[in-house]
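Participant: One structure follows; several queries about it will come next.
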There are 2 protein chains.
Amino acid sequence: MAIHEIVHGLDPRGYALHSIEKPSAEEKSHSFLWRFWLRLPAKGRIALFARSWYSRAISEEMQKHAWEKSLKGRISQINTFERQLSDDGVVILKFFLHITKEEQKIRLEERERNPLTAWLVTPSIWNIHRHYEDSLPLIDDFIERTDTDYAPWTLVEAMDRKFAILKVYSTIIKTLEKRIEAEQENKSKKGRAKEITKPKKNAVKRRSHADKDYTREELMETFSSLQIEVLELQYLLFKRKIPLIIVYEGWDAAGKGGNITRVTRFMNPLGCYVVPVSAPTDHEQGYHYLRRFIKHFPAGGDIAIFDRSWYGRVLVERVEGLCTEPDWQRAYQEINEMEEDFISSSGGGIVKFWLEISKDEQLKRFNERASDPKKVYKITDDDWRNREKWDQYEVAIDEMLARTSTEIAPWTVVESDDKWFARVKALRTVIAAAQNLL
Amino acid sequence: MAIHEIVHGLDPRGYALHSIEKPSAEEKSHSFLWRFWLRLPAKGRIALFARSWYSRAISEEMQKHAWEKSLKGRISQINTFERQLSDDGVVILKFFLHITKEEQKIRLEERERNPLTAWLVTPSIWNIHRHYEDSLPLIDDFIERTDTDYAPWTLVEAMDRKFAILKVYSTIIKTLEKRIEAEQENKSKKGRAKEITKPKKNAVKRRSHADKDYTREELMETFSSLQIEVLELQYLLFKRKIPLIIVYEGWDAAGKGGNITRVTRFMNPLGCYVVPVSAPTDHEQGYHYLRRFIKHFPAGGDIAIFDRSWYGRVLVERVEGLCTEPDWQRAYQEINEMEEDFISSSGGGIVKFWLEISKDEQLKRFNERASDPKKVYKITDDDWRNREKWDQYEVAIDEMLARTSTEIAPWTVVESDDKWFARVKALRTVIAAAQNLL
C-alpha cells in the first residue's frame with residue numbers, strides 16, 4: 001500500500017514497477033518462477049515488485065491440502081533463485097509491511113468510502129482480511145525460512161505511514177552504500193591466487209564411433225520405423241501438457257543441424273520449435289546469463305529443441321575467457337538447479353545430447369565444406385580457430401559431462417562419426433525419454 | 001492442415017511457426033494487431049502463421065451484429081499493416097487453402113477416428129464446418145479486398161494434398177526469386193536524383209516563452225491544485241479500461257525528465273509507467289522501427305509515458321543520416337497510421353508534447369550542467385554536437401509538427417524556458433485529454 005509513496009522519490013525513468021496478480025494462462029503453463037525471471041531488471045536497473053513470488057507462493061499453496069509439504073519445495077526454489085541472482089550481482093531487498101487486523105479493516109473501509117477506489121476492494125480482499133490470524137504464523141514461518149544473507153527480510157511496522165517510508169528508504173540507502181563499499185574492496189582484492197576446483201573424474205565417456213556392427217540400410221530402416229512412434233508420443237505429451245527440452249551440444253561439424261532436422265521432421269511443427277543459440281546480444285548481456293534460455297523454455301505440451309544452449313557458459317565462454325573463472329565454476333551448480341527446477345515444477349523432461357566426432361573426422365568435414373560451394377558458408381575462420389583449441393575444449397567438455405550429468409537430466413553421448421547412426425540414436429533416446437514421462 | 005507438410009522441407013532452425021488461436025487476456029487488452037506486431041520475424045528470418053490476422057478478424061467480427069461495417073475497419077487496418085511491412089522490405093505471402101465441405105467432413109471424421117487426434121476435433125470446429133456455406137461469400141469478399149500488390153493472395157486448391165504443397169512451394173520460390181532480382185536492380189539504380197517532398201507550411205508554432213504574466217507562486221499553487229484531479233482521472237481511466245499515451249519530445253536540456261517526474265508524481269504508479277527511449281539495440285534494429293514502441297503500448301487503463309519516442313525517426317535519425325531519406329519521408333504517414341490505429345482500436349488517447357526552449361536558454365543550461373558536479377553526468381559531447389546542428393533540427397521539427405499534428409493526436413508545444421510554466425501546461429493538457437476520453 002505504501003508503494004505509491006515509496007516510488008515518489010525515485011526518477012520514474014529509472015525503475016520498473018511490477019504489480020503481481022494471478023498468473024495468466026501462459027504464465028500458468030510455465031514453472032512458478034518463469035514469469036519472475038522475465039521481469040528481472042537489466043544490470044544497473046531497478047525493479048520494484050508490489051507483491052512478489054512470496055505472495056504467489058503463499059496464496060497458491062494455501063489452497064492445497066498438503067501445503068506444508070509443498071511449501072517446503074517453494075522455499076527451496078525461492079532461496080535458490082535469490083542466491084543465483086545475488087551471485088550475479090543483484091541486490092535483493094525484501095520488505096514485509098505489517099499492520100494490525102484492526103488497522104487493515106480501517107484502511108479497507110476508507111477505500112470503500114471513496115467512490116474512486118471502492119471498486120478496488122473486492123470480496124477476495126475481504127476474504128484475505130478475515131483470515132488474517134490464520135495467515136500470520138504461516139507468513140512468519142515463511143519469512144524465517146527465506147531470511148538469508150544474500151536476500152534478507154526487513155520487517156516494517158507500517159501503522160504509521162511516514163515511519164514506514166522512512167524505514168524502507170533508510171534500509172535501501174544503507175544496503176546500497178554497503179554494497180558499493182564492498183565492490184570497491186573486491187576490486188582491490190583482484191589478482192589474488194584462487195583455489196581451483198579440480199574436475200571430477202569423468203563419469204560419461206565420449207566416443208565418436210559405436211562398437212556394434214550395422215549397415216547403412218539397417219539404420220535407415222530403423223529410423224523410418226521410429227518416426228510414427230515419435231509423432232504418437234508427441235501427441236500424448238501434448239495431451240497431458242508435459243513439456244520436453246532437447247539440448248544439442250557437440251563439436252563443430254558434428255552434425256547438429258542435420259540431426260535436429262531429421263529428428264523433428266515427423267513431429268507436428270505446431271507443438272515443437274527449435275531455438276538456435278548464438279552469441280548473446282548486447283540486450284541479453286544486460287541480464288543473468290540463464291534468462292535468455294529460460295525465456296524460451298517450453299510450456300506444457302511443447303517440445304523445445306536448443307541448438308546449442310546454456311552449456312556455452314562452461315564451454316566456449318570458459319575456453320575463450322568470455323566470463324571469469326568464478327562465473328563458470330559457479331555455473332555447474334546453477335545449471336543443475338535450473339534443470340531441476342524445470343523438471344520438478346513442470347513434470348517435464350530434459351534430454352541432453354553431446355555429439356562426439358573424432359578430430360580426424362572433423363578435419364575431413366571441414367575440408368569437404370570448404371571445397372563445396374553449397375556448403376562453404378558453413379565454415380568460418382572461427383571454426384578453424386576453435387579446432388586449434390581442441391585440447392582445451394576436451395577438458396571443458398569432460399568437466400561439463402562429469403558435473404552436469406544428473407540423475408534427472410543425464411547427458412547422452414551420441415557417436416557421430418556416422419551421421420545416420422547418430423540420428424537413430426538421438427531419435428531412440430528422445431522416444432525413451434518421452435515414454436518415461438508418460 | 002498442410003502446414004505440417006509445408007514446413008517439412010525447411011530447416012527447423014530457420015523459421016518460427018505461429019499457431020494463432022484466441023487472444024489471451026493480455027492480448028485482448030491491446031489493439032487487434034498488437035500481438036501480430038510482436039510475432040513478426042526479424043530481418044532475414046521467416047515467420048509462418050497457421051491462421052493469422054485474417055481468421056481472427058473474421059471470427060471476431062462474425063459474432064457482431066454490424067460486422068459488415070466493422071469489417072471495413074479491419075480491412076483497412078490490415079491493408080495498412082501489410083503495406084507498412086512491405087515498405088520495410090518484408091515479403092508477404094498469403095495462401096488460402098480451399099477444400100469442399102464434403103472433403104472437410106471426411107478429413108474431420110478421419111481425425112476423430114484416430115484416438116491420437118480425436119480430442120483436437122472440438123465442437124467449435126464442427127460448428128465452423130456447419131456454417132461452411134455462410135462463410136464462403138464473406139471470405140471471398142475479404143480476400144478480394146485485401147488482395148494487394150504488396151501482399152497478394154494465392155488461392156490453393158487443396159483437395160489433393162500433394163498438389164497443394166507443390167503450388168505453395170512454387171509460389172514461394174517464384175516470389176523470392178522475383179524479389180532478389182528486384183533488389184539487384186534497385187541497387188544499380190541507387191544514386192538517382194529523387195524528388196524531395198517540400199515540408200508543408202508549419203501549422204504548429206514553436207515558442208519557448210508564454211505571453212501571459214504570472215508569478216512563480218501562482219504556478220506552484222495551480223500545479224498543486226491539479227494533482228488531485230490527475231489522480232482521480234487516472235482512476236476513472238483505469239476503471240473504464242481506457243489507455244493513454246503521453247509522448248515527450250524536445251530539445252536537449254528542455255526539461256523532459258523534470259517535467260515527467262512532476263506530472264507523474266501524483267499518479268498511482270501501478271497504472272502508469274515511463275518508457276525511456278534510447279538508440280535501438282542491435283536486436284531491435286532487426287525489426288521494423290515501430291515495433292519496439294508498439295511493444296510498450298499501454299493496455300486498457302494504463303498510462304504509458306514515452307521519454308522520447310518513434311518521432312526519433314524524423315528527428316535524430318533524419319538529421320544524423322541514420323536512415324535513408326525515403327525511410328523518414330515514409331515515416332510521417334506510418335506514424336499517423338500507427339497512432340490512428342491505436343486510438344481507434346483501443347478508444348484511448350495520445351498526448352504529444354514538444355518542449356521548446358530558446359537557443360540561449362539551452363546554452364545557459366548546458367553551462368550550468370557542466371559546472372555542477374551533481375549534474376555533469378547529464379551533459380555529453382553528443383549534446384554539444386546536436387546543438388551545432390540546431391538549424392537542421394529546426395527544419396526537421398517544424399516538418400514533424402506540421403505533418404503529424406493530426407486531429408485525433410495533435411502536438412502541444414510546451415513553452416519551457418520557464419520549467420514551472422512547462423509543468424503546469426503539461427499537467428493541464430493531460431487533464432484535458434483525459435477528460436475528453438471519459
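Identifiers in this document derive from the order of the C-alpha cells: chains are assigned A, B, ..., residues are numbered from 1 separately in each chain, and ligands are numbered from 1 in order of occurrence.
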Name the residues of region 95-219 of chain B that fall into helix (DSSP H, G or I) according to DSSP on the backbone, using the chain letters and numbers of this document, as a VMD selection string.
Facilitator: chain B and resid 101 to 113 118 to 120 123 to 130 132 to 145 161 to 189 216 to 219
Participant: Please write the residues from the selection above to a file, keeping C-alpha atoms, as a PDB file, in the first residue's frame.
Facilitator:
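Saved to result00.pdb:
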ATOM      1  CA  LYS B 101     -17.468 -29.052 -47.462  1.00  0.00           C
ATOM      2  CA  GLU B 102     -17.665 -32.783 -48.168  1.00  0.00           C
ATOM      3  CA  GLU B 103     -13.885 -33.136 -48.132  1.00  0.00           C
ATOM      4  CA  GLN B 104     -13.671 -31.160 -44.897  1.00  0.00           C
ATOM      5  CA  LYS B 105     -16.162 -33.541 -43.331  1.00  0.00           C
ATOM      6  CA  ILE B 106     -14.153 -36.553 -44.461  1.00  0.00           C
ATOM      7  CA  ARG B 107     -10.944 -35.121 -43.033  1.00  0.00           C
ATOM      8  CA  LEU B 108     -12.505 -34.187 -39.709  1.00  0.00           C
ATOM      9  CA  GLU B 109     -14.020 -37.636 -39.366  1.00  0.00           C
ATOM     10  CA  GLU B 110     -10.658 -39.190 -40.200  1.00  0.00           C
ATOM     11  CA  ARG B 111      -9.150 -37.279 -37.329  1.00  0.00           C
ATOM     12  CA  GLU B 112     -11.920 -38.264 -34.997  1.00  0.00           C
ATOM     13  CA  ARG B 113     -11.336 -41.930 -35.716  1.00  0.00           C
ATOM     14  CA  ALA B 118      -9.759 -37.176 -31.868  1.00  0.00           C
ATOM     15  CA  TRP B 119      -9.591 -34.738 -28.971  1.00  0.00           C
ATOM     16  CA  LEU B 120      -8.378 -31.996 -31.327  1.00  0.00           C
ATOM     17  CA  PRO B 123     -17.425 -28.905 -31.070  1.00  0.00           C
ATOM     18  CA  SER B 124     -16.455 -25.416 -32.230  1.00  0.00           C
ATOM     19  CA  ILE B 125     -14.628 -26.891 -35.206  1.00  0.00           C
ATOM     20  CA  TRP B 126     -17.781 -28.802 -36.191  1.00  0.00           C
ATOM     21  CA  ASN B 127     -19.707 -25.595 -35.715  1.00  0.00           C
ATOM     22  CA  ILE B 128     -17.471 -23.789 -38.202  1.00  0.00           C
ATOM     23  CA  HIS B 129     -17.908 -26.715 -40.570  1.00  0.00           C
ATOM     24  CA  ARG B 130     -21.697 -26.427 -40.368  1.00  0.00           C
ATOM     25  CA  TYR B 132     -19.280 -23.509 -44.348  1.00  0.00           C
ATOM     26  CA  GLU B 133     -21.743 -22.050 -46.892  1.00  0.00           C
ATOM     27  CA  ASP B 134     -22.387 -18.894 -44.889  1.00  0.00           C
ATOM     28  CA  SER B 135     -18.683 -18.178 -44.520  1.00  0.00           C
ATOM     29  CA  LEU B 136     -17.671 -18.597 -48.139  1.00  0.00           C
ATOM     30  CA  PRO B 137     -19.055 -15.323 -49.566  1.00  0.00           C
ATOM     31  CA  LEU B 138     -17.649 -13.434 -46.585  1.00  0.00           C
ATOM     32  CA  ILE B 139     -14.230 -14.984 -47.097  1.00  0.00           C
ATOM     33  CA  ASP B 140     -14.335 -14.300 -50.839  1.00  0.00           C
ATOM     34  CA  ASP B 141     -15.159 -10.678 -50.228  1.00  0.00           C
ATOM     35  CA  PHE B 142     -12.437 -10.374 -47.598  1.00  0.00           C
ATOM     36  CA  ILE B 143      -9.829 -11.907 -49.885  1.00  0.00           C
ATOM     37  CA  GLU B 144     -10.796  -9.650 -52.751  1.00  0.00           C
ATOM     38  CA  ARG B 145     -10.470  -6.533 -50.669  1.00  0.00           C
ATOM     39  CA  ARG B 161      -2.525 -32.545 -50.749  1.00  0.00           C
ATOM     40  CA  LYS B 162       0.483 -33.096 -52.980  1.00  0.00           C
ATOM     41  CA  PHE B 163      -0.776 -30.555 -55.488  1.00  0.00           C
ATOM     42  CA  ALA B 164      -1.352 -28.029 -52.719  1.00  0.00           C
ATOM     43  CA  ILE B 165       2.152 -28.378 -51.360  1.00  0.00           C
ATOM     44  CA  LEU B 166       3.652 -28.052 -54.809  1.00  0.00           C
ATOM     45  CA  LYS B 167       1.660 -24.920 -55.501  1.00  0.00           C
ATOM     46  CA  VAL B 168       2.642 -23.324 -52.178  1.00  0.00           C
ATOM     47  CA  TYR B 169       6.305 -24.106 -52.689  1.00  0.00           C
ATOM     48  CA  SER B 170       6.422 -22.939 -56.286  1.00  0.00           C
ATOM     49  CA  THR B 171       4.716 -19.669 -55.315  1.00  0.00           C
ATOM     50  CA  ILE B 172       7.226 -19.091 -52.529  1.00  0.00           C
ATOM     51  CA  ILE B 173      10.180 -19.796 -54.801  1.00  0.00           C
ATOM     52  CA  LYS B 174       8.872 -17.643 -57.638  1.00  0.00           C
ATOM     53  CA  THR B 175       8.154 -14.714 -55.342  1.00  0.00           C
ATOM     54  CA  LEU B 176      11.544 -14.871 -53.669  1.00  0.00           C
ATOM     55  CA  GLU B 177      13.360 -15.103 -56.998  1.00  0.00           C
ATOM     56  CA  LYS B 178      11.495 -12.067 -58.272  1.00  0.00           C
ATOM     57  CA  ARG B 179      12.302 -10.200 -55.119  1.00  0.00           C
ATOM     58  CA  ILE B 180      16.028 -10.958 -55.270  1.00  0.00           C
ATOM     59  CA  GLU B 181      16.065  -9.784 -58.880  1.00  0.00           C
ATOM     60  CA  ALA B 182      14.292  -6.556 -57.933  1.00  0.00           C
ATOM     61  CA  GLU B 183      16.777  -5.955 -55.112  1.00  0.00           C
ATOM     62  CA  GLN B 184      19.656  -6.205 -57.529  1.00  0.00           C
ATOM     63  CA  GLU B 185      18.001  -3.791 -59.963  1.00  0.00           C
ATOM     64  CA  ASN B 186      17.308  -1.374 -57.150  1.00  0.00           C
ATOM     65  CA  LYS B 187      20.932  -1.413 -56.175  1.00  0.00           C
ATOM     66  CA  SER B 188      22.070  -0.434 -59.640  1.00  0.00           C
ATOM     67  CA  LYS B 189      19.549   2.407 -59.635  1.00  0.00           C
ATOM     68  CA  ARG B 216       6.221  31.534  -9.713  1.00  0.00           C
ATOM     69  CA  GLU B 217       3.871  31.336  -6.701  1.00  0.00           C
ATOM     70  CA  GLU B 218       0.807  31.270  -8.899  1.00  0.00           C
ATOM     71  CA  LEU B 219       2.294  28.447 -10.925  1.00  0.00           C
TER      72      LEU B 219
END
Participant: Could you go through region 209-323 of chain A and tell me which residues DSSP, when run on the backbone, assigns to strand (DSSP E), listing them as a PyMOL selection string?
Facilitator: chain A and resi 244-250+272-276+303-307
Participant: With C-alpha atoms retained, write the just-selected residues as a CSV table (one decimal), in the first residue's frame.
Facilitator:
chain,number,residue,atom,x,y,z
A,244,LEU,CA,10.2,-31.6,-23.1
A,245,ILE,CA,13.5,-29.9,-23.7
A,246,ILE,CA,16.1,-31.4,-26.1
A,247,VAL,CA,19.6,-29.9,-25.9
A,248,TYR,CA,22.1,-30.3,-28.7
A,249,GLU,CA,25.8,-29.7,-28.0
A,250,GLY,CA,28.7,-31.0,-29.9
A,272,CYS,CA,7.7,-28.1,-31.3
A,273,TYR,CA,10.2,-25.4,-32.1
A,274,VAL,CA,14.0,-25.0,-32.4
A,275,VAL,CA,15.9,-22.3,-30.5
A,276,PRO,CA,19.1,-21.5,-32.4
A,303,ILE,CA,8.9,-29.6,-27.3
A,304,ALA,CA,11.8,-27.1,-27.4
A,305,ILE,CA,15.0,-28.1,-29.1
A,306,PHE,CA,18.0,-26.0,-28.2
A,307,ASP,CA,20.7,-25.9,-30.9
Participant: Considering only C-alpha atoms, can you say which of B:Lys212, B:Arg262, B:Lys72, B:Arg56 comes closest to chain A?
Facilitator: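 Distance minimum relative to chain A lands on B:Arg262.
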Participant: Any idea which chain A residues end up within 10 Å of chain B if we count only C-alpha atoms, as a ChimeraX atom specification please?
Facilitator: /A:3-19,24-26,50,115-117,119-120,231-236,239,257-258,260-262,264-277,280-284,305-307
Participant: Could you check how far CA of Lys389 (chain B) sits from CA of Glu320 (chain B), in Å to one decimal?
Facilitator: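 Pair CA of Lys389 (chain B) / CA of Glu320 (chain B) returns 9.4 Å.
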Participant: Quick one: everything within 6 Å of region 338-349 of chain A, counting only C-alpha atoms, minus sequence neighbours fewer than 6 positions away in the same chain. Send it as an NGL selection string.
Facilitator: :A and (31 or 242-244)
Participant: Could you save the residues just selected, with N, CA and C atoms, as a PDB file, in the first residue's frame?
Facilitator:
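As a result, again.pdb now contains:
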ATOM      1  N   SER A  31       6.899 -22.795 -15.387  1.00  0.00           N
ATOM      2  CA  SER A  31       7.221 -23.038 -13.988  1.00  0.00           C
ATOM      3  C   SER A  31       6.898 -21.804 -13.155  1.00  0.00           C
ATOM      4  N   ILE A 242       2.714 -32.130 -20.922  1.00  0.00           N
ATOM      5  CA  ILE A 242       4.066 -32.353 -20.398  1.00  0.00           C
ATOM      6  C   ILE A 242       5.081 -31.734 -21.360  1.00  0.00           C
ATOM      7  N   PRO A 243       5.919 -30.843 -20.877  1.00  0.00           N
ATOM      8  CA  PRO A 243       6.914 -30.225 -21.768  1.00  0.00           C
ATOM      9  C   PRO A 243       8.201 -31.048 -21.851  1.00  0.00           C
ATOM     10  N   LEU A 244       8.907 -30.898 -22.947  1.00  0.00           N
ATOM     11  CA  LEU A 244      10.170 -31.617 -23.135  1.00  0.00           C
ATOM     12  C   LEU A 244      11.207 -30.678 -23.731  1.00  0.00           C
TER      13      LEU A 244
END
Participant: Determine, counting only C-alpha atoms, which protein, DNA and RNA residues have an atom within 10 Å of an atom of Asp327 (chain B); residues of the same chain fewer than 2 positions away are not included. Present the result as a ChimeraX atom specification.
Facilitator: /B:87-88,313-314,317-318,322-325,329-332
Participant: What does the distance from CA of Lys94 (chain B) to CA of Gly301 (chain A) come to in Å, to one decimal?
Facilitator: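 Rounded to one decimal, the two atoms are 28.5 Å apart.
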Participant: Considering only C-alpha atoms, can you say which of A:Asn386, A:Asn336, A:Gln435, A:Thr215 comes closest to Leu363 (chain A)?
Facilitator: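 Once distances to Leu363 (chain A) are computed over only C-alpha atoms, the minimum belongs to A:Asn386.
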Participant: Which residues are near Trp310 (chain B)? Cut-off 8 Å, only C-alpha atoms, ignore same chain within fewer than 4 positions. Put them as a list of chain:residue names.
Facilitator: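 The contact residues come out as B:Tyr289, B:Leu290, B:Phe293, B:Ile335.
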Participant: Between B:Leu438, B:Leu155, B:Ala409, B:Ala57, which is the closest to Glu337 (chain B) once you count only C-alpha atoms?
Facilitator: B:Ala409
Participant: Could you work out how far CA of Val414 (chain B) lies from CA of Ser208 (chain B), giving the answer in Å with one decimal?
Facilitator: 7.4 Å
Participant: May I have the residues within 9 Å of Ile431 (chain B) as a list in words, using only C-alpha atoms and disregarding those fewer than 4 positions away in the same chain?
Facilitator: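 Contacts, in chain order: Leu226, Glu229, Val230, Leu233, Ala426, Leu427, Gln435 and Asn436 of chain B.
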Participant: When you look at Val395 (chain B) with a cut-off of 10 Å (counting only C-alpha atoms), what residues show up, excluding the ones that are within fewer than 3 positions of it in the same chain? I need them as number ranges by chain.
Facilitator: B: 199, 202, 315, 319, 390-392, 398-400
